[in-house]
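Okay, so here's the structure we're looking at.
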Amino acid sequence: MSEADDPRLQLEVGGVTVGARLERAIAVGTVLRREDGRLSLADDAAASDQIGRKGGFIGQRAPGEPACRFLNDFLFDQAYGEAAVPFGCRACFKIKISTRTLRALMAAKGIAEATGLTTKSGSDVDNPTNTDIYSTYLYFDGLGAARETYRELRKALDQHPHLGPEVAATIKRGCTNYEHKLGPSDRYAFDPRLEDVEAHLAARFVEQKPPRATPKQAVTALRMLRLVRTAYRIGDETYKDFTDGKPLFAPTVSYAPEADGETGLSSSRS
């Protein structure tokens with residue numbers, strides 16, 4: 001039976017049934033239907049790049065981590081055609097800490113990870129949908145939990161010598177790509193009928209994880225090296241905190257003549 005004919009997938013989202021959208025995704029190859037009837041996302045180069053995967057962020061996973069690949073990549077992108085935020089995301093809130101130097105990022109990372117929550121920290125400077133340079137995120141199930149942690153986190157940020165009150169921190173709902181497609185998060189509408197649809201699809205969804213060719217510790221080290229290189233590229237000299245004070249590359253030798261009279265040296269002319 002095709003997904004379009006599945007009676008449990010006849011709910012319309014954005015004018016098209018969930019089943020019809022999935023059948024289209026299977027036809028174009030973005031979703032794979034296995035012989036046993038289970039579904040998975042097709043592999044792609046981004047998923048197999050361990051160092052750059054999901055922006056190359058560094059973080060930690062706590063028990064109960066949200067199934068973002070299923071909720072965002074599978075449901076939102078494929079099953080719902082970016083027309084509705086998944087019902088399973090209704091209670092997802094995040095604290096976001098925005099920093100402007102690698103030194104500050106690593107300080108915020110330490111404070112965030114001390115909570116024991118799921119976190120990620122990294123560079124957003126190459127993200128065309130984000131205006132921040134470096135960001136740290138903490139994940140929560142419910143606004144109440146996010147606000148409770150925020151109060152203590154704000155104190156820790158304010159008191160840290162590498163951070164302080166000028167470091168921005170906020171609580172946001174869900175993922176940024178939802179906002180870009182559907183507008184501000186305070187306008188989201190969650191159809192309770194989607195709960196059964198999502199439970200049915202969750203039971204059939206298989207997350208394909210590329211085999212780990214590099215040990216996790218080495219992946220983290222290589223991601224840190226990328227952060228150092230990013231800091232160097234954008235002129236953030238605090239990267240030297242993580243290179244024992246040494247420049248990443250030798251400075252460029254300048255052969256430009258000095259201006260006459262400024263240094264007591266004459267410009268060289270032929």
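Every chain in the structure tokens takes a letter, A first, then B, and so on in the order presented; its residues are numbered from 1, and the ligands are numbered from 1 following the presented order.
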12 Å contact set for Ala67 of chain A, only C-alpha atoms, chain neighbours under 6 positions out, as a compact mmCIF listing (two decimals) with C-alpha atoms, in the first residue's frame:
```txt
# COMPACT_ATOMS: atom_id res chain seq x y z
CA ARG A 61 23.62 14.92 24.88
CA ASP A 73 14.20 16.81 8.65
CA PHE A 74 11.59 14.10 8.12
CA LEU A 75 8.27 15.50 9.33
CA PRO A 86 5.33 19.16 14.05
CA GLY A 88 6.04 16.92 18.72
CA CYS A 89 7.87 20.26 18.71
CA CYS A 92 10.59 22.64 22.50
CA TYR A 139 17.48 22.47 25.00
CA GLU A 198 3.43 11.40 14.18
CA ALA A 202 7.73 7.50 14.45
CA PHE A 205 10.98 5.82 10.89
CA VAL A 206 14.56 4.55 10.88
CA GLU A 207 17.38 7.04 11.34
```
request  = Do a neighbour search on segment 181-194 of chain A at 10 Å with only C-alpha atoms, toss out local chain neighbours closer than 4 positions, and write the hits as a ChimeraX atom specification.
outcome  = /A:9,11-13,18,82-90,172-177,198-200
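A straight line drawn from atom CA of Lys216 of chain A to atom CA of Pro63 of chain A is 18.1 Å long.
Contact shell of Lys94 of chain A at 10 Å (only C-alpha atoms; same-chain neighbours under 5 positions omitted): Thr118, Thr119, Thr136, Tyr137, Leu138, Tyr139, Phe140, Asp141, Gly142, Leu143, Ala145, Ala146, Arg147, Tyr150, Thr170, Ile171, Lys172, Arg173, Gly174 and Cys175 of chain A.
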request  = Give the strand (DSSP E or B) residues of segment 25-239 of chain A, as DSSP finds them on the backbone, and put them as a ChimeraX atom specification.
outcome  = /A:31-33,39-41,58-60,92-99,119-123,134-141,168-173,205
With 12 Å as the cut-off and only C-alpha atoms counted, what is the closest atom pair between each nearby residue of segment 60-101 of chain A and segment 218-231 of chain A? Distances in Å to one decimal, ordered by chain and number, as a tab-separated table.
```
residue	atom	partner	partner_atom	distance
A:Gln60	CA	A:Thr220	CA	10.7
A:Arg100	CA	A:Ala231	CA	9.8
A:Thr101	CA	A:Ala231	CA	7.6
```
Selection above as a file: N, CA and C atoms, as a short mmCIF file (atom, residue, chain, number, x, y, z; two decimals), in the first residue's frame:
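Here's the written file again_27.cif:
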```cif
data_model
loop_
_atom_site.label_atom_id
_atom_site.label_comp_id
_atom_site.auth_asym_id
_atom_site.auth_seq_id
_atom_site.Cartn_x
_atom_site.Cartn_y
_atom_site.Cartn_z
N GLN A 60 26.95 18.32 24.14
CA GLN A 60 26.72 17.11 24.90
C GLN A 60 25.25 16.71 24.79
N ARG A 100 30.71 36.93 20.75
CA ARG A 100 31.38 37.55 19.61
C ARG A 100 32.84 37.15 19.47
N THR A 101 33.36 36.37 20.41
CA THR A 101 34.73 35.88 20.30
C THR A 101 34.77 34.40 20.65
#
```
task = For segment 107-114 of chain A, work out the shell of residues within 9 Å, counting only C-alpha atoms and skipping chain neighbours fewer than 4 positions away, then give it as number ranges by chain.
result = A: 58-60, 97-99, 102-103, 118-122, 135-138, 153, 156-157, 160, 162-163
Limited to C-alpha atoms, could you put the picked residues into a file as a compact mmCIF listing (two decimals), in the first residue's frame?
```txt
# COMPACT_ATOMS: atom_id res chain seq x y z
CA ILE A 58 30.42 20.87 19.88
CA GLY A 59 28.14 19.79 22.70
CA GLN A 60 26.72 17.11 24.90
CA ILE A 97 23.67 32.61 24.20
CA SER A 98 25.24 34.86 21.54
CA THR A 99 28.94 35.64 21.80
CA LEU A 102 35.97 32.32 20.51
CA ARG A 103 37.13 33.04 24.06
CA THR A 118 21.69 18.85 26.06
CA THR A 119 23.80 21.66 24.58
CA LYS A 120 25.68 22.67 21.48
CA SER A 121 28.20 25.45 20.87
CA GLY A 122 29.78 26.65 17.65
CA SER A 135 26.20 30.65 19.58
CA THR A 136 25.54 28.27 22.45
CA TYR A 137 22.20 26.48 22.80
CA LEU A 138 20.58 24.62 25.68
CA LEU A 153 22.42 30.99 33.74
CA ALA A 156 26.66 32.96 35.75
CA LEU A 157 27.11 34.83 32.46
CA HIS A 160 32.15 35.44 34.29
CA HIS A 162 35.13 36.59 29.77
CA LEU A 163 31.40 37.29 29.45
```
Please identify which residues in segment 25-255 of chain A DSSP calls helix (DSSP H, G or I) from the backbone, and express them as a JSON list (two decimals) with N, CA and C atoms, in the first residue's frame.
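Result file follows (part.json):
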```json
[["chain", "number", "residue", "atom", "x", "y", "z"],
["A", 25, "ALA", "N", 7.81, 12.30, -1.98],
["A", 25, "ALA", "CA", 9.20, 12.29, -1.52],
["A", 25, "ALA", "C", 9.88, 10.97, -1.84],
["A", 26, "ILE", "N", 9.14, 9.88, -1.73],
["A", 26, "ILE", "CA", 9.69, 8.57, -2.09],
["A", 26, "ILE", "C", 9.96, 8.51, -3.59],
["A", 27, "ALA", "N", 9.08, 9.09, -4.39],
["A", 27, "ALA", "CA", 9.24, 9.07, -5.84],
["A", 27, "ALA", "C", 10.49, 9.84, -6.29],
["A", 28, "VAL", "N", 10.79, 10.95, -5.61],
["A", 28, "VAL", "CA", 11.97, 11.75, -6.01],
["A", 28, "VAL", "C", 13.24, 11.30, -5.30],
["A", 45, "ALA", "N", 25.60, 13.98, 1.37],
["A", 45, "ALA", "CA", 26.99, 14.29, 1.71],
["A", 45, "ALA", "C", 27.09, 15.00, 3.05],
["A", 46, "ALA", "N", 26.13, 15.88, 3.35],
["A", 46, "ALA", "CA", 26.18, 16.64, 4.60],
["A", 46, "ALA", "C", 26.08, 15.71, 5.80],
["A", 47, "ALA", "N", 25.25, 14.66, 5.69],
["A", 47, "ALA", "CA", 25.07, 13.75, 6.81],
["A", 47, "ALA", "C", 26.30, 12.89, 7.05],
["A", 48, "SER", "N", 27.06, 12.60, 5.99],
["A", 48, "SER", "CA", 28.22, 11.74, 6.12],
["A", 48, "SER", "C", 29.48, 12.49, 6.52],
["A", 53, "ARG", "N", 29.05, 18.09, 10.12],
["A", 53, "ARG", "CA", 27.64, 17.75, 10.30],
["A", 53, "ARG", "C", 26.95, 18.72, 11.27],
["A", 54, "LYS", "N", 25.77, 19.20, 10.87],
["A", 54, "LYS", "CA", 24.97, 20.13, 11.68],
["A", 54, "LYS", "C", 25.77, 21.36, 12.10],
["A", 55, "GLY", "N", 26.58, 21.84, 11.19],
["A", 55, "GLY", "CA", 27.33, 23.06, 11.47],
["A", 55, "GLY", "C", 28.62, 22.84, 12.24],
["A", 56, "GLY", "N", 28.94, 21.60, 12.56],
["A", 56, "GLY", "CA", 30.18, 21.33, 13.28],
["A", 56, "GLY", "C", 30.14, 21.80, 14.72],
["A", 68, "CYS", "N", 15.41, 15.35, 16.68],
["A", 68, "CYS", "CA", 15.30, 16.45, 15.72],
["A", 68, "CYS", "C", 15.36, 15.98, 14.27],
["A", 69, "ARG", "N", 16.09, 14.93, 14.00],
["A", 69, "ARG", "CA", 16.16, 14.48, 12.60],
["A", 69, "ARG", "C", 14.79, 13.98, 12.13],
["A", 70, "PHE", "N", 14.08, 13.29, 13.00],
["A", 70, "PHE", "CA", 12.72, 12.84, 12.68],
["A", 70, "PHE", "C", 11.76, 14.03, 12.61],
["A", 71, "LEU", "N", 11.79, 14.88, 13.61],
["A", 71, "LEU", "CA", 10.82, 15.97, 13.70],
["A", 71, "LEU", "C", 11.05, 17.04, 12.64],
["A", 72, "ASN", "N", 12.27, 17.46, 12.48],
["A", 72, "ASN", "CA", 12.56, 18.58, 11.58],
["A", 72, "ASN", "C", 12.82, 18.10, 10.14],
["A", 73, "ASP", "N", 13.79, 17.21, 9.99],
["A", 73, "ASP", "CA", 14.20, 16.81, 8.65],
["A", 73, "ASP", "C", 13.18, 15.91, 7.95],
["A", 74, "PHE", "N", 12.56, 15.03, 8.72],
["A", 74, "PHE", "CA", 11.59, 14.10, 8.12],
["A", 74, "PHE", "C", 10.18, 14.68, 8.11],
["A", 75, "LEU", "N", 9.65, 15.02, 9.28],
["A", 75, "LEU", "CA", 8.27, 15.50, 9.33],
["A", 75, "LEU", "C", 8.11, 16.87, 8.69],
["A", 76, "PHE", "N", 8.84, 17.86, 9.19],
["A", 76, "PHE", "CA", 8.65, 19.23, 8.70],
["A", 76, "PHE", "C", 9.01, 19.35, 7.22],
["A", 77, "ASP", "N", 10.19, 18.87, 6.86],
["A", 77, "ASP", "CA", 10.65, 19.04, 5.47],
["A", 77, "ASP", "C", 9.90, 18.16, 4.48],
["A", 78, "GLN", "N", 9.69, 16.89, 4.83],
["A", 78, "GLN", "CA", 9.16, 15.94, 3.87],
["A", 78, "GLN", "C", 7.65, 15.69, 4.04],
["A", 79, "ALA", "N", 7.24, 15.22, 5.22],
["A", 79, "ALA", "CA", 5.83, 14.84, 5.40],
["A", 79, "ALA", "C", 4.89, 16.04, 5.39],
["A", 87, "PHE", "N", 3.70, 18.53, 15.70],
["A", 87, "PHE", "CA", 3.06, 18.54, 17.02],
["A", 87, "PHE", "C", 4.08, 18.19, 18.10],
["A", 88, "GLY", "N", 5.02, 17.32, 17.76],
["A", 88, "GLY", "CA", 6.04, 16.92, 18.72],
["A", 88, "GLY", "C", 7.01, 18.01, 19.11],
["A", 89, "CYS", "N", 6.98, 19.14, 18.40],
["A", 89, "CYS", "CA", 7.87, 20.26, 18.71],
["A", 89, "CYS", "C", 7.19, 21.34, 19.54],
["A", 102, "LEU", "N", 35.81, 33.73, 20.19],
["A", 102, "LEU", "CA", 35.97, 32.32, 20.51],
["A", 102, "LEU", "C", 36.21, 32.14, 22.01],
["A", 103, "ARG", "N", 36.91, 33.08, 22.61],
["A", 103, "ARG", "CA", 37.13, 33.04, 24.06],
["A", 103, "ARG", "C", 35.80, 33.04, 24.80],
["A", 104, "ALA", "N", 34.91, 33.93, 24.40],
["A", 104, "ALA", "CA", 33.61, 34.02, 25.05],
["A", 104, "ALA", "C", 32.75, 32.79, 24.77],
["A", 105, "LEU", "N", 32.84, 32.28, 23.54],
["A", 105, "LEU", "CA", 32.07, 31.07, 23.20],
["A", 105, "LEU", "C", 32.45, 29.92, 24.12],
["A", 106, "MET", "N", 33.73, 29.70, 24.32],
["A", 106, "MET", "CA", 34.16, 28.57, 25.13],
["A", 106, "MET", "C", 33.80, 28.77, 26.60],
["A", 107, "ALA", "N", 33.76, 30.03, 27.04],
["A", 107, "ALA", "CA", 33.30, 30.30, 28.40],
["A", 107, "ALA", "C", 31.81, 29.98, 28.54],
["A", 108, "ALA", "N", 31.02, 30.40, 27.56],
["A", 108, "ALA", "CA", 29.58, 30.10, 27.57],
["A", 108, "ALA", "C", 29.34, 28.61, 27.47],
["A", 109, "LYS", "N", 30.14, 27.93, 26.67],
["A", 109, "LYS", "CA", 30.03, 26.47, 26.54],
["A", 109, "LYS", "C", 30.23, 25.79, 27.88],
["A", 110, "GLY", "N", 31.24, 26.22, 28.63],
["A", 110, "GLY", "CA", 31.49, 25.62, 29.93],
["A", 110, "GLY", "C", 30.34, 25.81, 30.90],
["A", 111, "ILE", "N", 29.76, 27.01, 30.91],
["A", 111, "ILE", "CA", 28.61, 27.29, 31.78],
["A", 111, "ILE", "C", 27.42, 26.44, 31.37],
["A", 112, "ALA", "N", 27.17, 26.35, 30.06],
["A", 112, "ALA", "CA", 26.02, 25.58, 29.57],
["A", 112, "ALA", "C", 26.16, 24.10, 29.91],
["A", 113, "GLU", "N", 27.33, 23.53, 29.67],
["A", 113, "GLU", "CA", 27.51, 22.10, 29.90],
["A", 113, "GLU", "C", 27.50, 21.73, 31.37],
["A", 143, "LEU", "N", 8.53, 25.67, 28.42],
["A", 143, "LEU", "CA", 8.98, 27.03, 28.70],
["A", 143, "LEU", "C", 9.33, 27.21, 30.17],
["A", 144, "GLY", "N", 8.59, 26.56, 31.07],
["A", 144, "GLY", "CA", 8.86, 26.71, 32.49],
["A", 144, "GLY", "C", 10.27, 26.29, 32.85],
["A", 145, "ALA", "N", 10.71, 25.14, 32.32],
["A", 145, "ALA", "CA", 12.06, 24.65, 32.60],
["A", 145, "ALA", "C", 13.11, 25.58, 32.03],
["A", 146, "ALA", "N", 12.85, 26.13, 30.85],
["A", 146, "ALA", "CA", 13.81, 27.06, 30.23],
["A", 146, "ALA", "C", 13.95, 28.33, 31.06],
["A", 147, "ARG", "N", 12.83, 28.86, 31.53],
["A", 147, "ARG", "CA", 12.88, 30.09, 32.33],
["A", 147, "ARG", "C", 13.57, 29.87, 33.67],
["A", 148, "GLU", "N", 13.34, 28.73, 34.27],
["A", 148, "GLU", "CA", 13.97, 28.43, 35.55],
["A", 148, "GLU", "C", 15.49, 28.39, 35.41],
["A", 149, "THR", "N", 15.98, 27.71, 34.37],
["A", 149, "THR", "CA", 17.42, 27.64, 34.14],
["A", 149, "THR", "C", 17.99, 28.99, 33.73],
["A", 150, "TYR", "N", 17.21, 29.74, 32.95],
["A", 150, "TYR", "CA", 17.69, 31.03, 32.45],
["A", 150, "TYR", "C", 18.12, 31.96, 33.58],
["A", 151, "ARG", "N", 17.36, 31.98, 34.66],
["A", 151, "ARG", "CA", 17.66, 32.90, 35.76],
["A", 151, "ARG", "C", 19.06, 32.64, 36.33],
["A", 152, "GLU", "N", 19.38, 31.37, 36.57],
["A", 152, "GLU", "CA", 20.70, 31.03, 37.11],
["A", 152, "GLU", "C", 21.79, 31.19, 36.05],
["A", 153, "LEU", "N", 21.45, 30.86, 34.82],
["A", 153, "LEU", "CA", 22.42, 30.99, 33.74],
["A", 153, "LEU", "C", 22.81, 32.45, 33.53],
["A", 154, "ARG", "N", 21.82, 33.34, 33.60],
["A", 154, "ARG", "CA", 22.08, 34.76, 33.42],
["A", 154, "ARG", "C", 23.05, 35.28, 34.48],
["A", 155, "LYS", "N", 22.88, 34.81, 35.71],
["A", 155, "LYS", "CA", 23.80, 35.22, 36.78],
["A", 155, "LYS", "C", 25.22, 34.75, 36.49],
["A", 156, "ALA", "N", 25.34, 33.51, 36.04],
["A", 156, "ALA", "CA", 26.66, 32.96, 35.75],
["A", 156, "ALA", "C", 27.33, 33.71, 34.59],
["A", 157, "LEU", "N", 26.56, 34.07, 33.58],
["A", 157, "LEU", "CA", 27.11, 34.83, 32.46],
["A", 157, "LEU", "C", 27.58, 36.20, 32.93],
["A", 158, "ASP", "N", 26.76, 36.86, 33.74],
["A", 158, "ASP", "CA", 27.09, 38.21, 34.20],
["A", 158, "ASP", "C", 28.36, 38.24, 35.03],
["A", 159, "GLN", "N", 28.62, 37.17, 35.78],
["A", 159, "GLN", "CA", 29.75, 37.15, 36.70],
["A", 159, "GLN", "C", 31.04, 36.61, 36.08],
["A", 176, "THR", "N", 14.91, 27.68, 13.98],
["A", 176, "THR", "CA", 14.85, 28.91, 13.20],
["A", 176, "THR", "C", 14.22, 28.70, 11.84],
["A", 177, "ASN", "N", 14.44, 27.53, 11.23],
["A", 177, "ASN", "CA", 13.85, 27.31, 9.89],
["A", 177, "ASN", "C", 12.33, 27.28, 9.95],
["A", 178, "TYR", "N", 11.75, 26.93, 11.10],
["A", 178, "TYR", "CA", 10.29, 27.01, 11.24],
["A", 178, "TYR", "C", 9.83, 28.47, 11.14],
["A", 179, "GLU", "N", 10.54, 29.34, 11.84],
["A", 179, "GLU", "CA", 10.18, 30.76, 11.84],
["A", 179, "GLU", "C", 10.31, 31.37, 10.45],
["A", 180, "HIS", "N", 11.34, 30.98, 9.74],
["A", 180, "HIS", "CA", 11.56, 31.54, 8.40],
["A", 180, "HIS", "C", 10.44, 31.16, 7.44],
["A", 181, "LYS", "N", 9.86, 29.97, 7.64],
["A", 181, "LYS", "CA", 8.79, 29.52, 6.75],
["A", 181, "LYS", "C", 7.40, 29.92, 7.23],
["A", 182, "LEU", "N", 7.19, 29.93, 8.55],
["A", 182, "LEU", "CA", 5.84, 30.08, 9.08],
["A", 182, "LEU", "C", 5.64, 31.32, 9.94],
["A", 185, "SER", "N", 7.11, 32.50, 16.23],
["A", 185, "SER", "CA", 6.70, 31.28, 16.92],
["A", 185, "SER", "C", 5.48, 31.47, 17.82],
["A", 186, "ASP", "N", 5.17, 32.70, 18.21],
["A", 186, "ASP", "CA", 3.98, 32.90, 19.05],
["A", 186, "ASP", "C", 2.69, 32.79, 18.24],
["A", 187, "ARG", "N", 2.82, 32.59, 16.93],
["A", 187, "ARG", "CA", 1.65, 32.42, 16.08],
["A", 187, "ARG", "C", 1.45, 30.97, 15.63],
["A", 194, "LEU", "N", -2.41, 15.71, 14.62],
["A", 194, "LEU", "CA", -1.09, 15.30, 14.14],
["A", 194, "LEU", "C", -0.38, 14.37, 15.13],
["A", 195, "GLU", "N", -0.82, 14.36, 16.37],
["A", 195, "GLU", "CA", -0.16, 13.52, 17.36],
["A", 195, "GLU", "C", -0.23, 12.05, 16.95],
["A", 196, "ASP", "N", -1.37, 11.59, 16.48],
["A", 196, "ASP", "CA", -1.51, 10.19, 16.05],
["A", 196, "ASP", "C", -0.73, 9.93, 14.77],
["A", 197, "VAL", "N", -0.74, 10.89, 13.87],
["A", 197, "VAL", "CA", 0.04, 10.76, 12.63],
["A", 197, "VAL", "C", 1.52, 10.59, 12.95],
["A", 198, "GLU", "N", 2.01, 11.43, 13.84],
["A", 198, "GLU", "CA", 3.43, 11.40, 14.18],
["A", 198, "GLU", "C", 3.82, 10.15, 14.95],
["A", 199, "ALA", "N", 2.91, 9.65, 15.79],
["A", 199, "ALA", "CA", 3.19, 8.40, 16.51],
["A", 199, "ALA", "C", 3.29, 7.24, 15.51],
["A", 200, "HIS", "N", 2.40, 7.23, 14.51],
["A", 200, "HIS", "CA", 2.43, 6.18, 13.48],
["A", 200, "HIS", "C", 3.73, 6.24, 12.68],
["A", 201, "LEU", "N", 4.14, 7.45, 12.29],
["A", 201, "LEU", "CA", 5.35, 7.59, 11.49],
["A", 201, "LEU", "C", 6.61, 7.36, 12.32],
["A", 202, "ALA", "N", 6.57, 7.73, 13.59],
["A", 202, "ALA", "CA", 7.73, 7.50, 14.45],
["A", 202, "ALA", "C", 8.03, 6.01, 14.59],
["A", 203, "ALA", "N", 6.97, 5.20, 14.61],
["A", 203, "ALA", "CA", 7.14, 3.75, 14.73],
["A", 203, "ALA", "C", 7.73, 3.15, 13.46],
["A", 204, "ARG", "N", 7.60, 3.86, 12.35],
["A", 204, "ARG", "CA", 8.10, 3.35, 11.07],
["A", 204, "ARG", "C", 9.41, 3.99, 10.65],
["A", 216, "LYS", "N", 34.88, 9.67, 18.38],
["A", 216, "LYS", "CA", 34.16, 10.89, 18.79],
["A", 216, "LYS", "C", 35.12, 11.95, 19.32],
["A", 217, "GLN", "N", 36.11, 11.54, 20.12],
["A", 217, "GLN", "CA", 37.05, 12.49, 20.68],
["A", 217, "GLN", "C", 37.83, 13.21, 19.58],
["A", 218, "ALA", "N", 38.18, 12.48, 18.53],
["A", 218, "ALA", "CA", 38.91, 13.08, 17.42],
["A", 218, "ALA", "C", 38.02, 14.03, 16.63],
["A", 219, "VAL", "N", 36.72, 13.67, 16.47],
["A", 219, "VAL", "CA", 35.78, 14.56, 15.78],
["A", 219, "VAL", "C", 35.67, 15.88, 16.53],
["A", 220, "THR", "N", 35.56, 15.81, 17.86],
["A", 220, "THR", "CA", 35.47, 17.03, 18.67],
["A", 220, "THR", "C", 36.72, 17.88, 18.50],
["A", 221, "ALA", "N", 37.88, 17.24, 18.50],
["A", 221, "ALA", "CA", 39.14, 17.99, 18.34],
["A", 221, "ALA", "C", 39.21, 18.66, 16.97],
["A", 222, "LEU", "N", 38.77, 17.96, 15.93],
["A", 222, "LEU", "CA", 38.80, 18.53, 14.59],
["A", 222, "LEU", "C", 37.79, 19.67, 14.45],
["A", 223, "ARG", "N", 36.64, 19.55, 15.13],
["A", 223, "ARG", "CA", 35.68, 20.65, 15.11],
["A", 223, "ARG", "C", 36.24, 21.87, 15.83],
["A", 224, "MET", "N", 36.98, 21.63, 16.91],
["A", 224, "MET", "CA", 37.61, 22.75, 17.62],
["A", 224, "MET", "C", 38.64, 23.42, 16.72],
["A", 225, "LEU", "N", 39.38, 22.64, 15.97],
["A", 225, "LEU", "CA", 40.35, 23.21, 15.04],
["A", 225, "LEU", "C", 39.64, 24.07, 13.99],
["A", 226, "ARG", "N", 38.48, 23.63, 13.53],
["A", 226, "ARG", "CA", 37.72, 24.44, 12.58],
["A", 226, "ARG", "C", 37.28, 25.75, 13.20],
["A", 227, "LEU", "N", 36.91, 25.71, 14.48],
["A", 227, "LEU", "CA", 36.54, 26.94, 15.16],
["A", 227, "LEU", "C", 37.72, 27.90, 15.25],
["A", 228, "VAL", "N", 38.89, 27.36, 15.54],
["A", 228, "VAL", "CA", 40.10, 28.19, 15.59],
["A", 228, "VAL", "C", 40.37, 28.83, 14.23],
["A", 229, "ARG", "N", 40.23, 28.05, 13.18],
["A", 229, "ARG", "CA", 40.46, 28.57, 11.84],
["A", 229, "ARG", "C", 39.42, 29.61, 11.44],
["A", 230, "THR", "N", 38.18, 29.40, 11.86],
["A", 230, "THR", "CA", 37.13, 30.39, 11.60],
["A", 230, "THR", "C", 37.44, 31.69, 12.32],
["A", 231, "ALA", "N", 37.86, 31.59, 13.59],
["A", 231, "ALA", "CA", 38.20, 32.79, 14.35],
["A", 231, "ALA", "C", 39.35, 33.55, 13.68],
["A", 232, "TYR", "N", 40.36, 32.82, 13.24],
["A", 232, "TYR", "CA", 41.48, 33.45, 12.54],
["A", 232, "TYR", "C", 40.99, 34.18, 11.29],
["A", 233, "ARG", "N", 40.11, 33.53, 10.54],
["A", 233, "ARG", "CA", 39.65, 34.10, 9.27],
["A", 233, "ARG", "C", 38.87, 35.40, 9.45],
["A", 237, "GLU", "N", 41.19, 37.49, 17.35],
["A", 237, "GLU", "CA", 42.49, 37.12, 17.88],
["A", 237, "GLU", "C", 42.42, 36.24, 19.13],
["A", 238, "THR", "N", 41.22, 36.09, 19.71],
["A", 238, "THR", "CA", 41.15, 35.25, 20.92],
["A", 238, "THR", "C", 41.36, 33.78, 20.61],
["A", 239, "TYR", "N", 41.46, 33.43, 19.35],
["A", 239, "TYR", "CA", 41.76, 32.03, 19.02],
["A", 239, "TYR", "C", 43.10, 31.62, 19.62],
["A", 240, "LYS", "N", 43.98, 32.59, 19.88],
["A", 240, "LYS", "CA", 45.31, 32.27, 20.43],
["A", 240, "LYS", "C", 45.22, 31.72, 21.84],
["A", 241, "ASP", "N", 44.06, 31.90, 22.51],
["A", 241, "ASP", "CA", 43.86, 31.25, 23.81],
["A", 241, "ASP", "C", 43.97, 29.74, 23.69],
["A", 242, "PHE", "N", 43.72, 29.22, 22.49],
["A", 242, "PHE", "CA", 43.64, 27.78, 22.28],
["A", 242, "PHE", "C", 44.78, 27.26, 21.41]]
```
